[in-house]
Amino acid sequence: MNTIRIQTDDFDVNAEIAKLKTSGDVGAVVTFTGAVRRDADIQSMTLEHYAGMTEREIARHMTEACSRWPIAGATVIHRIGKLAPGENIVLVAVASSHRQMAFAAAEFLMDYLKARAPFWKLEERNAASRWVEARNVDDDGLSRWRED
Amino acid sequence: MNTIRIQTDDFDVNAEIAKLKTSGDVGAVVTFTGAVRRDADIQSMTLEHYAGMTEREIARHMTEACSRWPIAGATVIHRIGKLAPGENIVLVAVASSHRQMAFAAAEFLMDYLKARAPFWKLEERNAASRWVEARNVDDDGLSRWRED
Amino acid sequence: MTILYFAWVRQQLGRGEETIDLPAGVKTIGDLANHLRQRGGAFGEAFSDRKRIRAAVNQEHVPWDAAVHAEDEVAFFPPVTGG
Amino acid sequence: MTILYFAWVRQQLGRGEETIDLPAGVKTIGDLANHLRQRGGAFGEAFSDRKRIRAAVNQEHVPWDAAVHAEDEVAFFPPVTGG
């Protein structure tokens, strides 16, 4: 059972784990929670996305994750809008019968989200705002999953 | 901030993530939740441990994880006593400034727990009980972290 | 065709979306970027350095030589920074 | 010395703990396992196949040639199955 949600509201990790645990022979659930870092200067972070493309792209990579690893279910929730330091940005959760598969699929989905999902971050600091630049290291995170 | 608890009660993943998020420059929290698999035959699973050695050994490996990766905090909660299918057994949670470190440290701690922490599982199925045999694959999980 | 702009591209151009007829001679997404750059002003600036911009056609990431057609949904945006 | 038993070793021996004086000639944990096996009965069975048993001295995993002393806390148990 796969879930994709783009929302302004926060998410409930307990509830998402509980949902995944009902989807088959689940012995392991790995979650990744990404949050706005508490940089001294940052007042807030505003997330924009490309509605439609985001969901399509995440779904495509979930399908890929399911074909690579025998996972029972996966959940991706990504927040948009204005977020304060410490607030959650993203949740990736993967359930599997065994831990290695759950870890691998969760890390694959996060690497993908960082490198390919159409989200952009506007940092507001000291009354100025600045679009966060993509870091090449995130492309590198993705490249290790390519088979060629 | 590191936490180790051996307890009969269930744990609250939200609460553990929230605690870890206050321990420094945390941008990422990875959790692993292990649960009793819903095998048709299993009525319950009883976990026994070596009190004292368990906590020492987990603490030693947390210290090792902290020396290998710049992690802000780690939590290990392992349940003991009688558990029903679907119930949680273990939580490993790691907070870090970056996701790769959080994933690596959480997986390291889980591999260690599986292979070295002094816990034993008694499965009750069909009115008979049987001690779960260690699987060599769990030693293999640990071996990839050795440097020599 | 519909053209969408995101993040600083949207801000710099002062619009998030526009609908245009496929311009004469435009066969690839690179041709379309050149066409938009030739409008000058904010468009001239936004499309002056292609390394700073990425493109999608019908909601899929594409390279600059990808074909575009009259009914496509096209988007220009900076490299993504999700997660 | 204190000797602790866990899991099926505990069940088979019918006890989780005992305190004994260091037996004469016992220098290593392997010597101690032999000494216990020579008690016969459930002990003879439990310690008959060393591949099925692991040992700890003072709460650390040890190989069979590890030294033991009079004041040690020693433990015998099956390979662990945590997590």
# chains A, B, ... in the order shown; residues from 1 in each chain; ligands from 1
call {"tool": "select_by_dssp", "arguments": {"residues": "chain C", "states": "helix (DSSP H, G or I)", "output": "list in words"}}
result
Ala7, Trp8, Val9, Arg10, Gln11, Gln12, Leu13, Ile29, Gly30, Asp31, Leu32, Ala33, Asn34, His35, Leu36, Arg37, Gly41, Ala42, Phe43, Gly44, Glu45, Ala46, Arg50, Lys51 and Arg52 of chain C
call {"tool": "select_by_dssp", "arguments": {"residues": "chain D", "states": "strand (DSSP E)", "output": "ChimeraX atom specification"}}
result
/D:2-5,17-19,54-57,60-62,73-77
call {"tool": "write_last_selection", "arguments": {"atoms": "C-alpha atoms", "output": "short mmCIF file (atom, residue, chain, number, x, y, z; two decimals), in the first residue's frame"}}
result
data_model
loop_
_atom_site.label_atom_id
_atom_site.label_comp_id
_atom_site.auth_asym_id
_atom_site.auth_seq_id
_atom_site.Cartn_x
_atom_site.Cartn_y
_atom_site.Cartn_z
CA THR D 2 28.68 -16.10 39.61
CA ILE D 3 27.46 -18.11 36.61
CA LEU D 4 24.38 -16.96 34.68
CA TYR D 5 22.39 -19.02 32.17
CA GLU D 17 22.13 -18.42 38.21
CA GLU D 18 24.50 -20.14 40.58
CA THR D 19 27.51 -19.17 42.65
CA ARG D 54 28.31 -18.59 23.60
CA ALA D 55 29.99 -17.13 26.67
CA ALA D 56 30.52 -13.81 28.36
CA VAL D 57 32.91 -12.82 31.15
CA GLU D 60 31.58 -9.04 27.51
CA HIS D 61 31.41 -11.61 24.73
CA VAL D 62 34.54 -13.79 24.92
CA GLU D 73 30.53 -12.86 36.47
CA VAL D 74 30.35 -15.54 33.81
CA ALA D 75 27.40 -16.27 31.49
CA PHE D 76 26.48 -19.07 29.06
CA PHE D 77 23.77 -18.60 26.44
#
call {"tool": "residues_around", "arguments": {"residues": "Arg60 in chain A", "least_positions_apart": "5", "cutoff": "12 Å", "atoms": "only C-alpha atoms", "output": "ChimeraX atom specification"}}
result
/A:2,4,53-55,65-67,109,112-113,116-117 /C:59-60
call {"tool": "calpha_fit_and_write", "arguments": {"fixed": "chain C", "moving": "chain D", "output": "PDB file with C-alpha atoms, in the first residue's frame"}}
result
ATOM      1  CA  MET D   1       1.126  25.482 -25.242  1.00  0.00           C
ATOM      2  CA  THR D   2       1.157  26.166 -21.534  1.00  0.00           C
ATOM      3  CA  ILE D   3       4.430  27.375 -20.000  1.00  0.00           C
ATOM      4  CA  LEU D   4       4.930  27.223 -16.221  1.00  0.00           C
ATOM      5  CA  TYR D   5       7.651  28.998 -14.226  1.00  0.00           C
ATOM      6  CA  PHE D   6       8.780  28.129 -10.692  1.00  0.00           C
ATOM      7  CA  ALA D   7      10.895  29.538  -7.847  1.00  0.00           C
ATOM      8  CA  TRP D   8      13.240  32.407  -8.818  1.00  0.00           C
ATOM      9  CA  VAL D   9      12.346  32.019 -12.502  1.00  0.00           C
ATOM     10  CA  ARG D  10       8.705  32.726 -11.616  1.00  0.00           C
ATOM     11  CA  GLN D  11       9.675  35.631  -9.346  1.00  0.00           C
ATOM     12  CA  GLN D  12      12.043  37.189 -11.888  1.00  0.00           C
ATOM     13  CA  LEU D  13       9.508  36.930 -14.719  1.00  0.00           C
ATOM     14  CA  GLY D  14       6.670  38.136 -12.515  1.00  0.00           C
ATOM     15  CA  ARG D  15       4.412  35.312 -13.650  1.00  0.00           C
ATOM     16  CA  GLY D  16       3.880  31.637 -12.915  1.00  0.00           C
ATOM     17  CA  GLU D  17       2.109  30.638 -16.114  1.00  0.00           C
ATOM     18  CA  GLU D  18       1.350  31.745 -19.641  1.00  0.00           C
ATOM     19  CA  THR D  19      -0.274  30.248 -22.703  1.00  0.00           C
ATOM     20  CA  ILE D  20       1.229  30.843 -26.147  1.00  0.00           C
ATOM     21  CA  ASP D  21       0.976  29.441 -29.641  1.00  0.00           C
ATOM     22  CA  LEU D  22       3.951  27.313 -30.601  1.00  0.00           C
ATOM     23  CA  PRO D  23       6.352  29.895 -32.125  1.00  0.00           C
ATOM     24  CA  ALA D  24       7.510  29.320 -35.693  1.00  0.00           C
ATOM     25  CA  GLY D  25      10.756  27.334 -35.888  1.00  0.00           C
ATOM     26  CA  VAL D  26      10.569  26.037 -32.312  1.00  0.00           C
ATOM     27  CA  LYS D  27      11.106  22.290 -32.365  1.00  0.00           C
ATOM     28  CA  THR D  28      12.934  21.602 -29.091  1.00  0.00           C
ATOM     29  CA  ILE D  29      12.755  22.894 -25.539  1.00  0.00           C
ATOM     30  CA  GLY D  30      16.111  24.584 -26.207  1.00  0.00           C
ATOM     31  CA  ASP D  31      14.560  26.429 -29.166  1.00  0.00           C
ATOM     32  CA  LEU D  32      11.750  27.569 -26.873  1.00  0.00           C
ATOM     33  CA  ALA D  33      14.213  28.831 -24.250  1.00  0.00           C
ATOM     34  CA  ASN D  34      16.006  30.848 -26.986  1.00  0.00           C
ATOM     35  CA  HIS D  35      12.693  32.226 -28.194  1.00  0.00           C
ATOM     36  CA  LEU D  36      11.831  33.384 -24.657  1.00  0.00           C
ATOM     37  CA  ARG D  37      15.302  34.868 -24.125  1.00  0.00           C
ATOM     38  CA  GLN D  38      14.821  36.967 -27.266  1.00  0.00           C
ATOM     39  CA  ARG D  39      11.879  38.718 -25.602  1.00  0.00           C
ATOM     40  CA  GLY D  40      14.590  40.582 -23.670  1.00  0.00           C
ATOM     41  CA  GLY D  41      14.117  42.268 -20.287  1.00  0.00           C
ATOM     42  CA  ALA D  42      13.476  39.844 -17.419  1.00  0.00           C
ATOM     43  CA  PHE D  43      13.177  37.001 -19.940  1.00  0.00           C
ATOM     44  CA  GLY D  44      16.524  37.899 -21.469  1.00  0.00           C
ATOM     45  CA  GLU D  45      18.126  37.745 -18.043  1.00  0.00           C
ATOM     46  CA  ALA D  46      16.368  34.623 -16.773  1.00  0.00           C
ATOM     47  CA  PHE D  47      17.296  32.588 -19.846  1.00  0.00           C
ATOM     48  CA  SER D  48      20.800  34.019 -20.308  1.00  0.00           C
ATOM     49  CA  ASP D  49      22.543  31.184 -18.455  1.00  0.00           C
ATOM     50  CA  ARG D  50      21.064  27.819 -19.265  1.00  0.00           C
ATOM     51  CA  LYS D  51      23.090  26.069 -16.568  1.00  0.00           C
ATOM     52  CA  ARG D  52      20.883  27.776 -13.992  1.00  0.00           C
ATOM     53  CA  ILE D  53      17.650  26.438 -15.499  1.00  0.00           C
ATOM     54  CA  ARG D  54      16.033  23.030 -15.910  1.00  0.00           C
ATOM     55  CA  ALA D  55      13.048  22.088 -18.052  1.00  0.00           C
ATOM     56  CA  ALA D  56      10.155  19.672 -18.059  1.00  0.00           C
ATOM     57  CA  VAL D  57       7.779  18.693 -20.858  1.00  0.00           C
ATOM     58  CA  ASN D  58       4.458  17.219 -19.841  1.00  0.00           C
ATOM     59  CA  GLN D  59       5.702  16.902 -16.263  1.00  0.00           C
ATOM     60  CA  GLU D  60       8.879  14.988 -17.071  1.00  0.00           C
ATOM     61  CA  HIS D  61      12.435  16.244 -16.704  1.00  0.00           C
ATOM     62  CA  VAL D  62      13.926  16.649 -20.202  1.00  0.00           C
ATOM     63  CA  PRO D  63      17.247  17.656 -21.775  1.00  0.00           C
ATOM     64  CA  TRP D  64      17.430  20.768 -23.995  1.00  0.00           C
ATOM     65  CA  ASP D  65      17.123  18.779 -27.221  1.00  0.00           C
ATOM     66  CA  ALA D  66      13.758  17.258 -26.244  1.00  0.00           C
ATOM     67  CA  ALA D  67      10.939  17.892 -28.743  1.00  0.00           C
ATOM     68  CA  VAL D  68       8.027  20.222 -27.926  1.00  0.00           C
ATOM     69  CA  HIS D  69       4.616  20.304 -29.542  1.00  0.00           C
ATOM     70  CA  ALA D  70       1.705  22.747 -29.659  1.00  0.00           C
ATOM     71  CA  GLU D  71      -0.343  21.033 -26.935  1.00  0.00           C
ATOM     72  CA  ASP D  72       2.489  20.433 -24.454  1.00  0.00           C
ATOM     73  CA  GLU D  73       2.727  21.601 -20.856  1.00  0.00           C
ATOM     74  CA  VAL D  74       6.235  22.997 -20.567  1.00  0.00           C
ATOM     75  CA  ALA D  75       7.969  24.192 -17.382  1.00  0.00           C
ATOM     76  CA  PHE D  76      11.177  26.098 -16.580  1.00  0.00           C
ATOM     77  CA  PHE D  77      12.673  26.096 -13.093  1.00  0.00           C
ATOM     78  CA  PRO D  78      15.935  26.087 -11.133  1.00  0.00           C
ATOM     79  CA  PRO D  79      17.582  22.801 -10.137  1.00  0.00           C
ATOM     80  CA  VAL D  80      15.308  21.225  -7.515  1.00  0.00           C
ATOM     81  CA  THR D  81      15.970  21.374  -3.767  1.00  0.00           C
ATOM     82  CA  GLY D  82      13.358  19.116  -2.167  1.00  0.00           C
ATOM     83  CA  GLY D  83      13.485  16.900   0.863  1.00  0.00           C
TER      84      GLY D  83
END
call {"tool": "closest_residue", "arguments": {"among": "A:Gln7, A:Thr75, A:Asn14, A:Thr31", "to": "Glu48 in chain A", "atoms": "only C-alpha atoms"}}
result
A:Gln7
call {"tool": "interface_residues", "arguments": {"of": "chain B", "to": "chain D", "cutoff": "9 Å", "atoms": "only C-alpha atoms", "output": "compact mmCIF listing (two decimals) with C-alpha atoms, in the first residue's frame"}}
result
# COMPACT_ATOMS: atom_id res chain seq x y z
CA GLY B 34 11.04 -3.78 14.38
CA ALA B 35 7.84 -5.70 15.08
CA LEU B 47 11.96 -11.78 24.82
CA GLU B 48 14.60 -12.42 27.45
CA HIS B 49 17.81 -10.43 27.91
CA TYR B 50 20.97 -10.27 30.00
CA GLY B 52 23.40 -5.13 32.62
CA MET B 53 25.32 -6.60 29.68
CA THR B 54 22.63 -5.42 27.28
CA ARG B 56 26.68 -1.87 28.42
CA GLU B 57 26.95 -3.40 24.97
CA HIS B 78 14.23 -2.68 23.18
CA ILE B 89 10.00 -5.07 19.55
CA VAL B 90 12.70 -2.48 18.98
CA LEU B 91 13.21 1.16 18.09
CA MET B 110 20.43 -2.32 14.05
CA ASP B 111 23.02 -4.69 12.54
CA LEU B 113 21.64 -5.26 17.89
CA LYS B 114 20.72 -8.23 15.73
CA ALA B 115 24.16 -9.80 15.86
CA ARG B 116 25.56 -8.99 19.29
CA ALA B 117 23.08 -7.65 21.85
CA PRO B 118 22.19 -10.35 24.40
CA PHE B 119 18.50 -10.89 23.65
CA TRP B 120 16.75 -14.20 23.02
CA LYS B 121 13.33 -14.86 21.55
CA LEU B 122 10.99 -17.68 22.52
CA ARG B 130 10.72 -22.85 20.58
CA TRP B 131 13.78 -20.64 21.00
CA VAL B 132 14.49 -18.72 17.81
CA GLU B 133 17.84 -19.77 16.30
CA ALA B 134 20.36 -17.12 15.40
CA ARG B 135 20.73 -16.63 11.67
CA ASP B 138 22.86 -11.32 10.94
call {"tool": "interface_residues", "arguments": {"of": "chain A", "to": "chain B", "cutoff": "7 Å", "atoms": "only C-alpha atoms", "output": "list of chain:residue names"}}
result
A:Val13, A:Asn14, A:Asp25, A:Val26, A:Gly27, A:Ala28, A:Val29, A:Val30, A:Thr31, A:Phe32, A:Thr33, A:Gly34, A:Ala35, A:Val36, A:Arg37, A:Arg38
call {"tool": "atom_distance", "arguments": {"atom1": "CA of Gly73 in chain A", "atom2": "CA of Phe11 in chain A"}}
result
17.3 Å
call {"tool": "decode", "arguments": {"residues": "range 6-103 of chain B", "atoms": "C-alpha atoms", "output": "CSV table (one decimal), in the first residue's frame"}}
result
chain,number,residue,atom,x,y,z
B,6,ILE,CA,15.0,-1.9,28.0
B,7,GLN,CA,11.3,-2.0,28.9
B,8,THR,CA,8.2,-4.1,28.8
B,9,ASP,CA,6.0,-1.1,27.6
B,10,ASP,CA,5.6,0.0,24.0
B,11,PHE,CA,7.4,3.1,22.8
B,12,ASP,CA,6.2,6.3,21.1
B,13,VAL,CA,8.1,7.0,17.9
B,14,ASN,CA,6.8,10.6,17.7
B,15,ALA,CA,8.0,11.4,21.2
B,16,GLU,CA,11.4,9.9,20.6
B,17,ILE,CA,11.8,11.8,17.3
B,18,ALA,CA,10.7,15.1,19.1
B,19,LYS,CA,13.3,14.5,21.8
B,20,LEU,CA,16.1,13.9,19.3
B,21,LYS,CA,15.2,17.0,17.3
B,22,THR,CA,16.1,19.2,20.2
B,23,SER,CA,19.6,17.8,20.4
B,24,GLY,CA,21.6,20.2,18.2
B,25,ASP,CA,21.6,21.0,14.5
B,26,VAL,CA,19.2,18.2,13.5
B,27,GLY,CA,18.0,18.1,9.9
B,28,ALA,CA,17.4,14.4,9.7
B,29,VAL,CA,16.0,11.7,11.9
B,30,VAL,CA,16.0,8.1,10.8
B,31,THR,CA,14.0,5.5,12.8
B,32,PHE,CA,13.9,1.8,12.6
B,33,THR,CA,10.9,0.0,14.1
B,34,GLY,CA,11.0,-3.8,14.4
B,35,ALA,CA,7.8,-5.7,15.1
B,36,VAL,CA,6.7,-9.3,15.7
B,37,ARG,CA,5.8,-10.6,12.2
B,38,ARG,CA,2.3,-11.7,11.7
B,39,ASP,CA,3.1,-15.3,10.9
B,40,ALA,CA,-0.1,-17.3,10.9
B,41,ASP,CA,1.2,-19.8,13.4
B,42,ILE,CA,2.8,-17.5,16.0
B,43,GLN,CA,0.7,-16.8,19.1
B,44,SER,CA,3.3,-14.7,20.9
B,45,MET,CA,7.0,-14.1,21.3
B,46,THR,CA,8.7,-13.8,24.6
B,47,LEU,CA,12.0,-11.8,24.8
B,48,GLU,CA,14.6,-12.4,27.5
B,49,HIS,CA,17.8,-10.4,27.9
B,50,TYR,CA,21.0,-10.3,30.0
B,51,ALA,CA,20.3,-7.2,32.2
B,52,GLY,CA,23.4,-5.1,32.6
B,53,MET,CA,25.3,-6.6,29.7
B,54,THR,CA,22.6,-5.4,27.3
B,55,GLU,CA,22.9,-1.8,28.3
B,56,ARG,CA,26.7,-1.9,28.4
B,57,GLU,CA,26.9,-3.4,25.0
B,58,ILE,CA,24.4,-1.0,23.4
B,59,ALA,CA,26.2,2.0,25.0
B,60,ARG,CA,29.5,0.8,23.7
B,61,HIS,CA,28.2,0.6,20.1
B,62,MET,CA,26.4,3.9,20.4
B,63,THR,CA,29.8,5.4,21.3
B,64,GLU,CA,31.3,3.7,18.3
B,65,ALA,CA,28.5,5.1,16.1
B,66,CYS,CA,29.1,8.6,17.4
B,67,SER,CA,32.8,8.3,16.6
B,68,ARG,CA,32.1,7.1,13.1
B,69,TRP,CA,29.5,9.6,12.1
B,70,PRO,CA,28.7,13.1,13.3
B,71,ILE,CA,25.4,12.3,14.9
B,72,ALA,CA,23.5,14.6,17.2
B,73,GLY,CA,21.8,11.9,19.2
B,74,ALA,CA,20.7,8.3,19.2
B,75,THR,CA,18.0,6.3,20.9
B,76,VAL,CA,17.6,2.5,21.3
B,77,ILE,CA,14.6,1.1,23.0
B,78,HIS,CA,14.2,-2.7,23.2
B,79,ARG,CA,11.2,-4.4,24.6
B,80,ILE,CA,11.3,-7.6,26.7
B,81,GLY,CA,8.6,-9.9,27.9
B,82,LYS,CA,5.6,-11.4,26.0
B,83,LEU,CA,4.6,-9.7,22.7
B,84,ALA,CA,1.8,-10.5,20.3
B,85,PRO,CA,2.1,-10.5,16.5
B,86,GLY,CA,2.3,-6.9,15.1
B,87,GLU,CA,3.6,-5.5,18.4
B,88,ASN,CA,6.8,-3.5,18.4
B,89,ILE,CA,10.0,-5.1,19.5
B,90,VAL,CA,12.7,-2.5,19.0
B,91,LEU,CA,13.2,1.2,18.1
B,92,VAL,CA,16.5,2.6,16.8
B,93,ALA,CA,16.4,6.4,16.1
B,94,VAL,CA,19.3,8.5,15.0
B,95,ALA,CA,19.4,12.3,14.5
B,96,SER,CA,22.0,14.0,12.4
B,97,SER,CA,22.6,17.2,10.4
B,98,HIS,CA,22.6,15.2,7.2
B,99,ARG,CA,20.6,12.2,6.0
B,100,GLN,CA,23.4,9.9,4.9
B,101,MET,CA,24.9,9.9,8.4
B,102,ALA,CA,21.6,9.2,10.0
B,103,PHE,CA,20.8,6.3,7.7
